[in-house]
Amino acid sequence: MPKWYYLVLWVLLLVGQTVSFKLKAASALLHDIQQLSDELMAGRKTAQPGAELARQYIRQRFSQLGLAALQPDFQHPFHYSIGFAGKQGVNLIATLKGCNKPDRYIVMTAHYDHLGTVAGKVYNGADDNASGVATMLALAALLKTQPCPSYSYLFIATDAEESGLYGAKAFVAEPAVPLQQLMLNINLDMLSRGERANHLYLYGAHSLPGVVDYIKAEDFPVNLKLRHRGKGLRGQNRLDWSNASDHAPFRRAGIPFLFFGVDTHKHYHTPQDDWQNIDPEYLQRMFDSLSQIVLWLDQQPPEWYQAARKTK
Ligand SMILES: [Zn+2]
């Protein structure tokens, strides 16, 4: 066979691999969402048996992906209190070592807890936030397909977000990696229900002007909307975006963050937040957009994140 023939074959193989990875990633994404929002998990309420089932599932996925643990079984238990009541939660943390800047970390967070079962109705929380956890797993799989990511990564499935961001607060109070080594927090909370206007929102980019320029210059499969600082409207409610989810404790510690999420929708915090209401095509577009952004962020120099750091 002529030499060019091998070259063509090789190119076809490479293209084929990328396409098949993306398709596989999107179907794994939907599968993870289905599993995490299954009735068996009973809404994954903190300290309930359903949350333990969710942890078993996430730990198994961390292992399958070949991610490393910092503590046995990826488990990082923590205590917190609401009023006088002492409570316990469990974060799960997996890590992936980078090659160029192994001592600098990009931290992804996605809360796995949800509202549980209320008045006999299970709040499955497919969008809030099985979608964020599943996307974090798919992004970990994507970073694994790279020869080696530039930065090291922490993937944190946080607990007790719904009752007051306690998992993220516990991590920042006693970080598994010194805060100085954390370059960026990417927080994923509600990523699957932007089908109506093909929107995905990004909050936090104002501290990273390079990200704003990049987002404005690029075309993404979803319509990526930059949110403004401070308070805004989510559905009918006024909402303070800066404190809306797990990025808040990182922000208060001066660490730059990017918070991705869709707007509220009619199934938000209802028993109808089910995977059957997710449009798989939107899911694919969301994932392709985030993949592009995460791989780009991995290539930016540490000075770039350091400049956005707020010293207290
Ligand atoms: Zn949430």
# chains A, B, ... in the order shown; residues from 1 in each chain; ligands from 1
$ residues_around --residues "A:Gly98" --least-positions-apart "2" --cutoff "12 Å" --atoms "only C-alpha atoms" --output "MDAnalysis selection string"
chainID A and resid 67 95:96 100:106 143:144 146:154 298:299
$ residues_near_ligand --ligand "ligand 1" --cutoff "10 Å" --atoms "only C-alpha atoms and all ligand atoms" --output "list in words"
Ala110, His111, Tyr112, Asp113, His114, Leu115, Gly125, Asp127, Asp128, Asn129, Ala130, Ser131, Gly132, Glu161, Glu162, Leu165, Leu188, Asp189, Met190, Leu191, Ala244, Ser245, Asp246, Gly261, Tyr268 and His269 of chain A
$ write_last_selection --atoms "N, CA and C atoms" --output "mmCIF file, in the first residue's frame"
data_model
loop_
_atom_site.group_PDB
_atom_site.id
_atom_site.type_symbol
_atom_site.label_atom_id
_atom_site.label_comp_id
_atom_site.auth_asym_id
_atom_site.auth_seq_id
_atom_site.Cartn_x
_atom_site.Cartn_y
_atom_site.Cartn_z
ATOM 1 N N ALA A 110 -19.134 19.590 42.572
ATOM 2 C CA ALA A 110 -20.529 19.368 42.172
ATOM 3 C C ALA A 110 -21.199 18.683 43.360
ATOM 4 N N HIS A 111 -22.282 19.252 43.849
ATOM 5 C CA HIS A 111 -22.906 18.618 45.018
ATOM 6 C C HIS A 111 -23.761 17.434 44.597
ATOM 7 N N TYR A 112 -23.652 16.349 45.381
ATOM 8 C CA TYR A 112 -24.456 15.147 45.073
ATOM 9 C C TYR A 112 -25.704 15.059 45.936
ATOM 10 N N ASP A 113 -25.772 15.828 47.028
ATOM 11 C CA ASP A 113 -26.955 15.759 47.900
ATOM 12 C C ASP A 113 -28.127 16.500 47.255
ATOM 13 N N HIS A 114 -29.339 16.116 47.671
ATOM 14 C CA HIS A 114 -30.520 16.862 47.224
ATOM 15 C C HIS A 114 -31.538 16.865 48.359
ATOM 16 N N LEU A 115 -32.801 16.997 48.046
ATOM 17 C CA LEU A 115 -33.794 17.312 49.082
ATOM 18 C C LEU A 115 -34.428 16.094 49.737
ATOM 19 N N GLY A 125 -33.975 15.026 41.878
ATOM 20 C CA GLY A 125 -32.853 15.934 41.617
ATOM 21 C C GLY A 125 -31.975 15.500 40.453
ATOM 22 N N ASP A 127 -31.602 17.182 37.519
ATOM 23 C CA ASP A 127 -30.843 18.366 37.113
ATOM 24 C C ASP A 127 -30.028 18.896 38.305
ATOM 25 N N ASP A 128 -30.686 18.936 39.467
ATOM 26 C CA ASP A 128 -30.095 19.488 40.707
ATOM 27 C C ASP A 128 -29.732 18.352 41.661
ATOM 28 N N ASN A 129 -28.587 17.740 41.660
ATOM 29 C CA ASN A 129 -27.499 18.086 40.802
ATOM 30 C C ASN A 129 -26.808 16.823 40.316
ATOM 31 N N ALA A 130 -27.651 15.786 40.005
ATOM 32 C CA ALA A 130 -27.060 14.598 39.376
ATOM 33 C C ALA A 130 -26.343 15.035 38.105
ATOM 34 N N SER A 131 -26.889 16.060 37.425
ATOM 35 C CA SER A 131 -26.287 16.513 36.164
ATOM 36 C C SER A 131 -24.879 17.075 36.387
ATOM 37 N N GLY A 132 -24.675 17.798 37.490
ATOM 38 C CA GLY A 132 -23.351 18.366 37.773
ATOM 39 C C GLY A 132 -22.334 17.287 38.114
ATOM 40 N N GLU A 161 -24.949 20.552 50.426
ATOM 41 C CA GLU A 161 -25.009 21.854 49.742
ATOM 42 C C GLU A 161 -26.376 22.483 49.956
ATOM 43 N N GLU A 162 -27.415 21.662 49.811
ATOM 44 C CA GLU A 162 -28.785 22.189 49.846
ATOM 45 C C GLU A 162 -29.110 22.875 51.171
ATOM 46 N N LEU A 165 -24.364 24.798 51.897
ATOM 47 C CA LEU A 165 -23.011 24.693 51.318
ATOM 48 C C LEU A 165 -22.001 24.118 52.308
ATOM 49 N N LEU A 188 -20.016 23.144 39.320
ATOM 50 C CA LEU A 188 -21.039 22.676 38.379
ATOM 51 C C LEU A 188 -22.323 22.403 39.155
ATOM 52 N N ASP A 189 -23.347 23.190 38.916
ATOM 53 C CA ASP A 189 -24.607 22.994 39.644
ATOM 54 C C ASP A 189 -25.779 23.261 38.711
ATOM 55 N N MET A 190 -26.484 22.204 38.301
ATOM 56 C CA MET A 190 -27.648 22.259 37.409
ATOM 57 C C MET A 190 -27.222 22.609 35.974
ATOM 58 N N LEU A 191 -26.951 21.569 35.215
ATOM 59 C CA LEU A 191 -26.390 21.793 33.885
ATOM 60 C C LEU A 191 -27.250 21.258 32.749
ATOM 61 N N ALA A 244 -24.734 31.538 45.707
ATOM 62 C CA ALA A 244 -25.794 30.588 45.339
ATOM 63 C C ALA A 244 -25.411 29.115 45.421
ATOM 64 N N SER A 245 -24.136 28.808 45.381
ATOM 65 C CA SER A 245 -23.748 27.385 45.347
ATOM 66 C C SER A 245 -22.328 27.239 45.901
ATOM 67 N N ASP A 246 -21.755 26.057 45.714
ATOM 68 C CA ASP A 246 -20.492 25.694 46.366
ATOM 69 C C ASP A 246 -19.264 26.546 46.029
ATOM 70 N N GLY A 261 -24.116 26.899 35.286
ATOM 71 C CA GLY A 261 -25.446 26.376 35.621
ATOM 72 C C GLY A 261 -26.494 26.915 34.661
ATOM 73 N N TYR A 268 -37.656 22.892 38.842
ATOM 74 C CA TYR A 268 -36.636 23.188 39.855
ATOM 75 C C TYR A 268 -37.198 22.976 41.262
ATOM 76 N N HIS A 269 -36.502 22.183 42.079
ATOM 77 C CA HIS A 269 -36.948 21.867 43.448
ATOM 78 C C HIS A 269 -38.406 21.384 43.501
#
$ residues_around --residues "A:Asn91" --least-positions-apart "3" --cutoff "10 Å" --atoms "only C-alpha atoms" --output "list in words"
Arg55, Phe74, Gln75, His76, Pro77, Phe78, His111, Tyr112, Asp113, Ile156, Ala157, Thr158, Asp159, Ala160, Tyr166, Gly167, Ala168, Ala170 and Phe171 of chain A
$ atom_distance --atom1 "atom CA of A:Asp273" --atom2 "atom CA of A:Met286"
18.0 Å
$ select_by_dssp --residues "stretch 133-177 of chain A" --states "helix (DSSP H, G or I)" --output "list of chain:residue names"
A:Val133, A:Ala134, A:Thr135, A:Met136, A:Leu137, A:Ala138, A:Leu139, A:Ala140, A:Ala141, A:Leu142, A:Leu143, A:Lys144, A:Thr145, A:Tyr166, A:Gly167, A:Ala168, A:Lys169, A:Ala170, A:Phe171, A:Val172, A:Ala173
$ write_last_selection --atoms "N, CA and C atoms" --output "PDB file, in the first residue's frame"
ATOM      1  N   VAL A 133     -22.761  16.316  38.923  1.00  0.00           N
ATOM      2  CA  VAL A 133     -21.852  15.225  39.309  1.00  0.00           C
ATOM      3  C   VAL A 133     -21.481  14.403  38.070  1.00  0.00           C
ATOM      4  N   ALA A 134     -22.488  14.078  37.259  1.00  0.00           N
ATOM      5  CA  ALA A 134     -22.239  13.278  36.052  1.00  0.00           C
ATOM      6  C   ALA A 134     -21.318  14.026  35.093  1.00  0.00           C
ATOM      7  N   THR A 135     -21.499  15.344  34.974  1.00  0.00           N
ATOM      8  CA  THR A 135     -20.648  16.134  34.085  1.00  0.00           C
ATOM      9  C   THR A 135     -19.221  16.167  34.610  1.00  0.00           C
ATOM     10  N   MET A 136     -19.085  16.289  35.938  1.00  0.00           N
ATOM     11  CA  MET A 136     -17.744  16.260  36.534  1.00  0.00           C
ATOM     12  C   MET A 136     -17.049  14.930  36.207  1.00  0.00           C
ATOM     13  N   LEU A 137     -17.780  13.827  36.299  1.00  0.00           N
ATOM     14  CA  LEU A 137     -17.210  12.508  35.975  1.00  0.00           C
ATOM     15  C   LEU A 137     -16.806  12.451  34.499  1.00  0.00           C
ATOM     16  N   ALA A 138     -17.663  12.987  33.631  1.00  0.00           N
ATOM     17  CA  ALA A 138     -17.363  12.964  32.191  1.00  0.00           C
ATOM     18  C   ALA A 138     -16.157  13.852  31.867  1.00  0.00           C
ATOM     19  N   LEU A 139     -16.023  14.964  32.581  1.00  0.00           N
ATOM     20  CA  LEU A 139     -14.864  15.842  32.353  1.00  0.00           C
ATOM     21  C   LEU A 139     -13.585  15.176  32.867  1.00  0.00           C
ATOM     22  N   ALA A 140     -13.703  14.438  33.972  1.00  0.00           N
ATOM     23  CA  ALA A 140     -12.542  13.682  34.474  1.00  0.00           C
ATOM     24  C   ALA A 140     -12.118  12.653  33.422  1.00  0.00           C
ATOM     25  N   ALA A 141     -13.118  11.983  32.820  1.00  0.00           N
ATOM     26  CA  ALA A 141     -12.817  10.995  31.773  1.00  0.00           C
ATOM     27  C   ALA A 141     -12.133  11.675  30.586  1.00  0.00           C
ATOM     28  N   LEU A 142     -12.608  12.862  30.236  1.00  0.00           N
ATOM     29  CA  LEU A 142     -12.008  13.614  29.128  1.00  0.00           C
ATOM     30  C   LEU A 142     -10.551  13.960  29.438  1.00  0.00           C
ATOM     31  N   LEU A 143     -10.289  14.468  30.645  1.00  0.00           N
ATOM     32  CA  LEU A 143      -8.920  14.849  31.020  1.00  0.00           C
ATOM     33  C   LEU A 143      -8.008  13.614  31.026  1.00  0.00           C
ATOM     34  N   LYS A 144      -8.590  12.468  31.348  1.00  0.00           N
ATOM     35  CA  LYS A 144      -7.828  11.214  31.324  1.00  0.00           C
ATOM     36  C   LYS A 144      -7.416  10.818  29.910  1.00  0.00           C
ATOM     37  N   THR A 145      -8.197  11.234  28.893  1.00  0.00           N
ATOM     38  CA  THR A 145      -7.848  10.864  27.514  1.00  0.00           C
ATOM     39  C   THR A 145      -6.715  11.733  26.975  1.00  0.00           C
ATOM     40  N   TYR A 166     -22.462  23.212  53.189  1.00  0.00           N
ATOM     41  CA  TYR A 166     -21.590  22.760  54.278  1.00  0.00           C
ATOM     42  C   TYR A 166     -20.414  21.911  53.798  1.00  0.00           C
ATOM     43  N   GLY A 167     -20.611  21.135  52.745  1.00  0.00           N
ATOM     44  CA  GLY A 167     -19.515  20.305  52.230  1.00  0.00           C
ATOM     45  C   GLY A 167     -18.379  21.169  51.687  1.00  0.00           C
ATOM     46  N   ALA A 168     -18.724  22.174  50.902  1.00  0.00           N
ATOM     47  CA  ALA A 168     -17.703  23.065  50.341  1.00  0.00           C
ATOM     48  C   ALA A 168     -17.038  23.874  51.459  1.00  0.00           C
ATOM     49  N   LYS A 169     -17.834  24.322  52.436  1.00  0.00           N
ATOM     50  CA  LYS A 169     -17.267  25.071  53.568  1.00  0.00           C
ATOM     51  C   LYS A 169     -16.272  24.194  54.326  1.00  0.00           C
ATOM     52  N   ALA A 170     -16.635  22.917  54.539  1.00  0.00           N
ATOM     53  CA  ALA A 170     -15.757  21.994  55.272  1.00  0.00           C
ATOM     54  C   ALA A 170     -14.453  21.783  54.503  1.00  0.00           C
ATOM     55  N   PHE A 171     -14.552  21.680  53.181  1.00  0.00           N
ATOM     56  CA  PHE A 171     -13.322  21.485  52.389  1.00  0.00           C
ATOM     57  C   PHE A 171     -12.405  22.695  52.530  1.00  0.00           C
ATOM     58  N   VAL A 172     -12.966  23.898  52.398  1.00  0.00           N
ATOM     59  CA  VAL A 172     -12.133  25.112  52.446  1.00  0.00           C
ATOM     60  C   VAL A 172     -11.553  25.312  53.856  1.00  0.00           C
ATOM     61  N   ALA A 173     -12.317  24.923  54.889  1.00  0.00           N
ATOM     62  CA  ALA A 173     -11.833  25.066  56.270  1.00  0.00           C
ATOM     63  C   ALA A 173     -10.684  24.099  56.557  1.00  0.00           C
TER      64      ALA A 173
END
$ atom_distance --atom1 "atom CA of A:Cys99" --atom2 "atom CA of A:Ile293"
19.2 Å
$ decode --residues "stretch 93-131 of chain A" --atoms "N, CA and C atoms" --output "PDB file, in the first residue's frame"
ATOM      1  N   ILE A  93     -13.628  12.871  47.388  1.00  0.00           N
ATOM      2  CA  ILE A  93     -12.599  13.594  46.628  1.00  0.00           C
ATOM      3  C   ILE A  93     -11.705  12.615  45.871  1.00  0.00           C
ATOM      4  N   ALA A  94     -11.575  12.876  44.562  1.00  0.00           N
ATOM      5  CA  ALA A  94     -10.649  12.096  43.732  1.00  0.00           C
ATOM      6  C   ALA A  94      -9.654  13.063  43.107  1.00  0.00           C
ATOM      7  N   THR A  95      -8.474  12.563  42.783  1.00  0.00           N
ATOM      8  CA  THR A  95      -7.460  13.444  42.224  1.00  0.00           C
ATOM      9  C   THR A  95      -6.815  12.847  40.976  1.00  0.00           C
ATOM     10  N   LEU A  96      -6.314  13.738  40.135  1.00  0.00           N
ATOM     11  CA  LEU A  96      -5.620  13.354  38.904  1.00  0.00           C
ATOM     12  C   LEU A  96      -4.371  14.227  38.822  1.00  0.00           C
ATOM     13  N   LYS A  97      -3.217  13.610  38.706  1.00  0.00           N
ATOM     14  CA  LYS A  97      -1.956  14.373  38.684  1.00  0.00           C
ATOM     15  C   LYS A  97      -1.689  14.966  37.318  1.00  0.00           C
ATOM     16  N   GLY A  98      -1.300  16.229  37.292  1.00  0.00           N
ATOM     17  CA  GLY A  98      -0.927  16.886  36.052  1.00  0.00           C
ATOM     18  C   GLY A  98       0.560  16.731  35.803  1.00  0.00           C
ATOM     19  N   CYS A  99       0.998  17.117  34.592  1.00  0.00           N
ATOM     20  CA  CYS A  99       2.412  16.920  34.247  1.00  0.00           C
ATOM     21  C   CYS A  99       3.230  18.200  34.279  1.00  0.00           C
ATOM     22  N   ASN A 100       2.663  19.318  33.815  1.00  0.00           N
ATOM     23  CA  ASN A 100       3.468  20.543  33.753  1.00  0.00           C
ATOM     24  C   ASN A 100       3.504  21.270  35.080  1.00  0.00           C
ATOM     25  N   LYS A 101       2.353  21.301  35.777  1.00  0.00           N
ATOM     26  CA  LYS A 101       2.280  22.013  37.063  1.00  0.00           C
ATOM     27  C   LYS A 101       1.616  21.107  38.088  1.00  0.00           C
ATOM     28  N   PRO A 102       2.298  20.020  38.438  1.00  0.00           N
ATOM     29  CA  PRO A 102       1.652  19.016  39.306  1.00  0.00           C
ATOM     30  C   PRO A 102       1.267  19.542  40.689  1.00  0.00           C
ATOM     31  N   ASP A 103       1.935  20.621  41.151  1.00  0.00           N
ATOM     32  CA  ASP A 103       1.619  21.141  42.491  1.00  0.00           C
ATOM     33  C   ASP A 103       0.536  22.209  42.473  1.00  0.00           C
ATOM     34  N   ARG A 104       0.009  22.521  41.307  1.00  0.00           N
ATOM     35  CA  ARG A 104      -1.080  23.503  41.208  1.00  0.00           C
ATOM     36  C   ARG A 104      -2.334  22.764  40.777  1.00  0.00           C
ATOM     37  N   TYR A 105      -3.422  23.130  41.434  1.00  0.00           N
ATOM     38  CA  TYR A 105      -4.651  22.357  41.242  1.00  0.00           C
ATOM     39  C   TYR A 105      -5.796  23.186  40.680  1.00  0.00           C
ATOM     40  N   ILE A 106      -6.566  22.568  39.834  1.00  0.00           N
ATOM     41  CA  ILE A 106      -7.887  23.077  39.467  1.00  0.00           C
ATOM     42  C   ILE A 106      -8.879  22.178  40.204  1.00  0.00           C
ATOM     43  N   VAL A 107      -9.793  22.787  40.946  1.00  0.00           N
ATOM     44  CA  VAL A 107     -10.726  22.036  41.794  1.00  0.00           C
ATOM     45  C   VAL A 107     -12.115  22.086  41.186  1.00  0.00           C
ATOM     46  N   MET A 108     -12.642  20.934  40.817  1.00  0.00           N
ATOM     47  CA  MET A 108     -14.036  20.901  40.357  1.00  0.00           C
ATOM     48  C   MET A 108     -14.921  20.499  41.514  1.00  0.00           C
ATOM     49  N   THR A 109     -16.064  21.161  41.639  1.00  0.00           N
ATOM     50  CA  THR A 109     -17.032  20.784  42.679  1.00  0.00           C
ATOM     51  C   THR A 109     -18.403  20.572  42.040  1.00  0.00           C
ATOM     52  N   ALA A 110     -19.134  19.590  42.572  1.00  0.00           N
ATOM     53  CA  ALA A 110     -20.529  19.368  42.172  1.00  0.00           C
ATOM     54  C   ALA A 110     -21.199  18.683  43.360  1.00  0.00           C
ATOM     55  N   HIS A 111     -22.282  19.252  43.849  1.00  0.00           N
ATOM     56  CA  HIS A 111     -22.906  18.618  45.018  1.00  0.00           C
ATOM     57  C   HIS A 111     -23.761  17.434  44.597  1.00  0.00           C
ATOM     58  N   TYR A 112     -23.652  16.349  45.381  1.00  0.00           N
ATOM     59  CA  TYR A 112     -24.456  15.147  45.073  1.00  0.00           C
ATOM     60  C   TYR A 112     -25.704  15.059  45.936  1.00  0.00           C
ATOM     61  N   ASP A 113     -25.772  15.828  47.028  1.00  0.00           N
ATOM     62  CA  ASP A 113     -26.955  15.759  47.900  1.00  0.00           C
ATOM     63  C   ASP A 113     -28.127  16.500  47.255  1.00  0.00           C
ATOM     64  N   HIS A 114     -29.339  16.116  47.671  1.00  0.00           N
ATOM     65  CA  HIS A 114     -30.520  16.862  47.224  1.00  0.00           C
ATOM     66  C   HIS A 114     -31.538  16.865  48.359  1.00  0.00           C
ATOM     67  N   LEU A 115     -32.801  16.997  48.046  1.00  0.00           N
ATOM     68  CA  LEU A 115     -33.794  17.312  49.082  1.00  0.00           C
ATOM     69  C   LEU A 115     -34.428  16.094  49.737  1.00  0.00           C
ATOM     70  N   GLY A 116     -34.167  14.894  49.183  1.00  0.00           N
ATOM     71  CA  GLY A 116     -34.724  13.686  49.802  1.00  0.00           C
ATOM     72  C   GLY A 116     -36.189  13.466  49.453  1.00  0.00           C
ATOM     73  N   THR A 117     -36.919  12.915  50.413  1.00  0.00           N
ATOM     74  CA  THR A 117     -38.325  12.590  50.203  1.00  0.00           C
ATOM     75  C   THR A 117     -39.156  13.463  51.144  1.00  0.00           C
ATOM     76  N   VAL A 118     -40.098  14.197  50.579  1.00  0.00           N
ATOM     77  CA  VAL A 118     -40.907  15.127  51.363  1.00  0.00           C
ATOM     78  C   VAL A 118     -42.373  14.774  51.145  1.00  0.00           C
ATOM     79  N   ALA A 119     -43.089  14.541  52.230  1.00  0.00           N
ATOM     80  CA  ALA A 119     -44.515  14.180  52.180  1.00  0.00           C
ATOM     81  C   ALA A 119     -44.766  13.028  51.200  1.00  0.00           C
ATOM     82  N   GLY A 120     -43.915  12.007  51.271  1.00  0.00           N
ATOM     83  CA  GLY A 120     -44.091  10.822  50.433  1.00  0.00           C
ATOM     84  C   GLY A 120     -43.657  11.006  48.990  1.00  0.00           C
ATOM     85  N   LYS A 121     -43.198  12.198  48.638  1.00  0.00           N
ATOM     86  CA  LYS A 121     -42.770  12.447  47.250  1.00  0.00           C
ATOM     87  C   LYS A 121     -41.241  12.493  47.179  1.00  0.00           C
ATOM     88  N   VAL A 122     -40.688  11.717  46.250  1.00  0.00           N
ATOM     89  CA  VAL A 122     -39.230  11.697  46.099  1.00  0.00           C
ATOM     90  C   VAL A 122     -38.794  12.838  45.173  1.00  0.00           C
ATOM     91  N   TYR A 123     -37.861  13.623  45.673  1.00  0.00           N
ATOM     92  CA  TYR A 123     -37.258  14.690  44.870  1.00  0.00           C
ATOM     93  C   TYR A 123     -35.968  14.110  44.273  1.00  0.00           C
ATOM     94  N   ASN A 124     -36.065  13.620  43.026  1.00  0.00           N
ATOM     95  CA  ASN A 124     -34.933  12.881  42.464  1.00  0.00           C
ATOM     96  C   ASN A 124     -33.729  13.754  42.116  1.00  0.00           C
ATOM     97  N   GLY A 125     -33.975  15.026  41.878  1.00  0.00           N
ATOM     98  CA  GLY A 125     -32.853  15.934  41.617  1.00  0.00           C
ATOM     99  C   GLY A 125     -31.975  15.500  40.453  1.00  0.00           C
ATOM    100  N   ALA A 126     -32.601  15.243  39.297  1.00  0.00           N
ATOM    101  CA  ALA A 126     -31.801  14.840  38.123  1.00  0.00           C
ATOM    102  C   ALA A 126     -30.961  16.023  37.639  1.00  0.00           C
ATOM    103  N   ASP A 127     -31.602  17.182  37.519  1.00  0.00           N
ATOM    104  CA  ASP A 127     -30.843  18.366  37.113  1.00  0.00           C
ATOM    105  C   ASP A 127     -30.028  18.896  38.305  1.00  0.00           C
ATOM    106  N   ASP A 128     -30.686  18.936  39.467  1.00  0.00           N
ATOM    107  CA  ASP A 128     -30.095  19.488  40.707  1.00  0.00           C
ATOM    108  C   ASP A 128     -29.732  18.352  41.661  1.00  0.00           C
ATOM    109  N   ASN A 129     -28.587  17.740  41.660  1.00  0.00           N
ATOM    110  CA  ASN A 129     -27.499  18.086  40.802  1.00  0.00           C
ATOM    111  C   ASN A 129     -26.808  16.823  40.316  1.00  0.00           C
ATOM    112  N   ALA A 130     -27.651  15.786  40.005  1.00  0.00           N
ATOM    113  CA  ALA A 130     -27.060  14.598  39.376  1.00  0.00           C
ATOM    114  C   ALA A 130     -26.343  15.035  38.105  1.00  0.00           C
ATOM    115  N   SER A 131     -26.889  16.060  37.425  1.00  0.00           N
ATOM    116  CA  SER A 131     -26.287  16.513  36.164  1.00  0.00           C
ATOM    117  C   SER A 131     -24.879  17.075  36.387  1.00  0.00           C
TER     118      SER A 131
END
